[in-house]
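Trainee: After the structure tokens below, expect a handful of questions from me.
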Amino acid sequence: MTQYRVAVHIVPRRGVLDPQGQAVCDALHALGFAAVADVRVGRHIVVGMNADGPEAAELAARDMCDKLLANPVTEDYEIAGIAPVYAEARA
Amino acid sequence: MRFGVVTFPGSNCDDDAVHAVVDALGAECVRLWHKDHDLKRAEVIILPGGFSYGDHLRPGAIARFSPIMREVVEHAKRGYPVLGVCNGFQILCEAGVLPGALLRNARLKFVCRTVILRVENDATLYTSQYERGQLLRMPIAHGDGRYTIDADGLERLRDREQIVFRYVNADGVTTDDANPNGAQDSIAGIVNEAGNVLGLMPHPERAVDSLLGSADGLALFQSLLARVGA
């Protein structure tokens with residue numbers, strides 16, 4: 001067993017009104033970032049866990065997203081990164 | 001008929017619910033603790049308003065895994081009445097007992113005021129003492145009340161008359177201004193397909209006495225009493 005850190009991105013599904021993203025988009029426009037077309041505000045979750053390998057860690061993280069971390073009705077998620085903790089410490 | 005009111009860590013309308021049932025309705029009520037696995041022979045379960053688990057992650061997302069929720073979901077599946085008010089509505093959606101989800105209010109503000117509701121279906125367990133089209137005054141107090149569902153789901157809700165209450169203006173018309181949270185189709189409350197589970201964002205239990213500003217919520221509890229039996 002190795003300890004992994006799995007990062008998960010959760011964002012409001014396209015088509016679901018995201019007033020937070022809209023407010024940030026408006027603020028960026030007001031600051032002069034005229035090129036900004038669209039902003040969606042979501043959540044970045046980092047889970048530390050023991051697993052047999054990166055595949056097992058990803059599988060477990062997906063299960064967590066389906067059951068709790070993301071709302072299947074309104075949100076999409078993606079696994080943003082998986083790294084063993086010792087690699088992180090060395091970096 | 002016995003009511004049971006569940007208290008989660010962070011519930012804050014549990015006392016109001018007990019008050020509505022015991023003092024206003026005159027029915028029997030037991031208190032249920034989120035860690036229990038026992039509904040104490042209660043027939044009608046109320047999941048009250050509040051901020052269970054501090055609304056962490058998403059409102060209701062953690063409370064739905066409370067020990068007692070296993071019994072509550074089973075109870076609902078067996079056809080017994082389960083009423084979710086505000087945070088209770090959010091918990092029932094997170095648990096998949098009711099379709100859809102409740103997202104951050106469209107204007108990103110916590111809204112605490114009295115709203116006007118229109119009764120859309122007077123044939124449910126919860127609305128037999130109202131009339132279709134009747135306007136009710138009830139308080140709301142929430143930051144995450146924007147009811148959201150996909151297009152197919154919305155059509156199903158409409159076809160099966162599962163939309164029970166909508167936000168309207170004083171003339172009884174749905175408008176953007178009268179919709180306090182940007183809820184899809186001005187939806188304030190829905191029942192499940194079987195009709196035994198109601199979730200709504202407004203607080204009927206806080207509107208059971210004219211001293212409180214409105215007694216329009218009392219008939220919801222009286223409807224239950226009339227249909228489920230005394």
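A note on labels: chains of the structure tokens are A, B, ... as shown, every chain counts residues from 1, and ligands are counted from 1 in their shown order.
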Can you list, as a list in words, every protein, DNA or RNA residue that comes within 8 Å of Ala7 (chain A) when you count only C-alpha atoms, leaving out same-chain residues fewer than 5 positions away?
Mentor: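 Contacts, in chain order: His44, Ile45, Val46, Val47, Ile79, Ala80, Gly81 and Ile82 of chain A.
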Trainee: Please write the residues from the selection above to a file, keeping C-alpha atoms, as an mmCIF file, in the first residue's frame.
Mentor:
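Everything below was put into result-v4.cif:
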data_model
loop_
_atom_site.group_PDB
_atom_site.id
_atom_site.type_symbol
_atom_site.label_atom_id
_atom_site.label_comp_id
_atom_site.auth_asym_id
_atom_site.auth_seq_id
_atom_site.Cartn_x
_atom_site.Cartn_y
_atom_site.Cartn_z
ATOM 1 C CA HIS A 44 -11.074 21.444 -5.881
ATOM 2 C CA ILE A 45 -10.888 18.544 -3.427
ATOM 3 C CA VAL A 46 -7.690 16.759 -2.416
ATOM 4 C CA VAL A 47 -8.056 13.298 -0.891
ATOM 5 C CA ILE A 79 -9.740 13.440 -11.666
ATOM 6 C CA ALA A 80 -7.197 16.252 -11.933
ATOM 7 C CA GLY A 81 -4.161 14.418 -10.648
ATOM 8 C CA ILE A 82 -2.893 11.358 -8.771
#
Trainee: Kindly provide, as a PyMOL selection string, the residues of chain B having any atom no farther than 8 Å from an atom of chain A, counting only C-alpha atoms.
Mentor: chain B and resi 57+61-62+94+100-101+104+106-108+148-150
Trainee: Selection from above, C-alpha atoms, as a tab-separated table (two decimals), in the first residue's frame, can you write it?
Mentor:
chain	number	residue	atom	x	y	z
B	57	LEU	CA	-19.85	20.35	0.73
B	61	ALA	CA	-25.04	16.13	1.27
B	62	ILE	CA	-23.65	14.85	4.56
B	94	GLU	CA	-29.48	14.61	-2.00
B	100	GLY	CA	-33.64	17.42	-8.76
B	101	ALA	CA	-31.35	19.55	-6.61
B	104	ARG	CA	-27.28	28.56	-4.52
B	106	ALA	CA	-29.59	32.97	-8.31
B	107	ARG	CA	-28.81	36.36	-6.74
B	108	LEU	CA	-26.26	34.73	-4.40
B	148	THR	CA	-33.01	22.72	-10.54
B	149	ILE	CA	-33.81	19.69	-12.65
B	150	ASP	CA	-33.02	18.62	-16.22
Trainee: Between B:Gly133, B:Pro202, B:Pro81, B:Gly145, which has the minimum distance to Asn121 (chain B) (counting only C-alpha atoms)?
Mentor: B:Gly133
Trainee: Let's see if you can do this: from backbone DSSP, list all alpha helix (DSSP H) residues in chain A, as JSON, numbers by chain.
Mentor: {"A": [19, 20, 21, 22, 23, 24, 25, 26, 27, 28, 29, 30, 54, 55, 56, 57, 58, 59, 60, 61, 62, 63, 64, 85, 86, 87, 88, 89, 90]}
Trainee: Keeping only C-alpha atoms, take the residues you just selected and write them out as a PDB file, in the first residue's frame.
Mentor:
ATOM      1  CA  PRO A  19     -24.443  32.635 -10.680  1.00  0.00           C
ATOM      2  CA  GLN A  20     -21.025  32.577  -8.984  1.00  0.00           C
ATOM      3  CA  GLY A  21     -19.259  32.020 -12.285  1.00  0.00           C
ATOM      4  CA  GLN A  22     -21.400  34.738 -13.857  1.00  0.00           C
ATOM      5  CA  ALA A  23     -20.489  37.214 -11.110  1.00  0.00           C
ATOM      6  CA  VAL A  24     -16.774  36.440 -11.504  1.00  0.00           C
ATOM      7  CA  CYS A  25     -17.087  36.752 -15.287  1.00  0.00           C
ATOM      8  CA  ASP A  26     -18.713  40.181 -14.912  1.00  0.00           C
ATOM      9  CA  ALA A  27     -15.961  41.281 -12.501  1.00  0.00           C
ATOM     10  CA  LEU A  28     -13.238  40.154 -14.912  1.00  0.00           C
ATOM     11  CA  HIS A  29     -14.894  42.144 -17.682  1.00  0.00           C
ATOM     12  CA  ALA A  30     -15.027  45.176 -15.400  1.00  0.00           C
ATOM     13  CA  PRO A  54      -2.687   4.795  -8.996  1.00  0.00           C
ATOM     14  CA  GLU A  55      -5.446   2.895 -10.826  1.00  0.00           C
ATOM     15  CA  ALA A  56      -6.948   1.709  -7.557  1.00  0.00           C
ATOM     16  CA  ALA A  57      -6.664   5.226  -6.114  1.00  0.00           C
ATOM     17  CA  GLU A  58      -8.474   6.677  -9.124  1.00  0.00           C
ATOM     18  CA  LEU A  59     -11.209   4.044  -8.947  1.00  0.00           C
ATOM     19  CA  ALA A  60     -11.774   4.799  -5.277  1.00  0.00           C
ATOM     20  CA  ALA A  61     -11.845   8.558  -5.935  1.00  0.00           C
ATOM     21  CA  ARG A  62     -14.426   8.112  -8.709  1.00  0.00           C
ATOM     22  CA  ASP A  63     -16.575   6.069  -6.345  1.00  0.00           C
ATOM     23  CA  MET A  64     -16.314   8.871  -3.762  1.00  0.00           C
ATOM     24  CA  VAL A  85       2.869  11.278  -1.393  1.00  0.00           C
ATOM     25  CA  TYR A  86       6.604  10.367  -1.334  1.00  0.00           C
ATOM     26  CA  ALA A  87       7.016  11.857  -4.830  1.00  0.00           C
ATOM     27  CA  GLU A  88       5.461  15.064  -3.579  1.00  0.00           C
ATOM     28  CA  ALA A  89       7.812  15.223  -0.611  1.00  0.00           C
ATOM     29  CA  ARG A  90      10.861  14.822  -2.857  1.00  0.00           C
TER      30      ARG A  90
END
Trainee: From chain A, collect each residue whose DSSP state is strand (DSSP E) and return the set as an MDAnalysis selection string.
Mentor: chainID A and resid 2:12 43:51 75:84
Trainee: Using only C-alpha atoms, which protein or nucleic acid residues come within 7 Å of Asp36 (chain B)? Drop anything in the same chain fewer than 2 positions from it, and give the result as a ChimeraX atom specification.
Mentor: /B:33-34,38,67-68
Trainee: Out of B:Ala17, B:Val82, B:Leu103, B:Ile45, which residue has the shortest atom-to-atom distance to Glu75 (chain A) when counting only C-alpha atoms?
Mentor: B:Leu103
Trainee: Excluding His19 (chain B) and any residue of its chain fewer than 5 positions from it, enumerate the residues within 10 Å of it, using only C-alpha atoms, and give them as a ChimeraX atom specification.
Mentor: /B:13-14,24-26,29,205-206,208
Trainee: Write out as a list in words the residues lying within 7 Å of Leu200 (chain B), counting only C-alpha atoms and excluding same-chain residues fewer than 3 positions away.
Mentor: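 Contacts, in chain order: Gly84, Val85, Cys86, Phe89, Ala188, Gly189 and Ile190 of chain B.
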Trainee: Enter the distance from CA of Pro99 (chain B) to CA of Asn179 (chain B), in Å, rounded to one decimal.
Mentor: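 Atom-to-atom, CA of Pro99 (chain B) to CA of Asn179 (chain B), that is 20.0 Å.
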Trainee: Find the residue from B:Asp209, B:Asp159, B:Asp216, B:Glu193 that sits nearest to Leu117 (chain B); use only C-alpha atoms when measuring.
Mentor: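 Under the stated criterion, the closest residue is B:Asp216.
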Trainee: So the first atom is CA of Asn192 (chain B) and the second is CA of Leu220 (chain B); what is the distance between them in Å, to one decimal place?
Mentor: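 Taking CA of Asn192 (chain B) as the start and CA of Leu220 (chain B) as the end point, the length is 16.4 Å.
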Trainee: If you count only C-alpha atoms, which residues fall within 8 Å of Gly48 (chain A), apart from same-chain ones fewer than 3 positions away, as a PyMOL selection string?
Mentor: chain A and resi 3-6
Trainee: Between B:Val22, B:Val111, B:Leu102, B:Ile163, which is the closest to Phe3 (chain B) once you count only C-alpha atoms?
Mentor: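 Ranked by minimum distance to Phe3 (chain B), first place goes to B:Val22.
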Trainee: When you count only C-alpha atoms, which of these residues is closest to Val228 (chain B): B:Arg113, B:Thr174, B:Asn196, B:Arg137?
Mentor: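 Counting only C-alpha atoms, the residue closest to Val228 (chain B) is B:Asn196.
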Trainee: Set the distance at 9 Å and use only C-alpha atoms: which residues neighbour Leu32 (chain B) once local chain neighbours fewer than 5 positions away are removed? I'd like the list as a list in words.
Mentor: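 Result of the neighbour search: Gly4, Val5, Val6, Thr7, Phe8, Asp38, Leu39, Lys40 and Ile68 of chain B.
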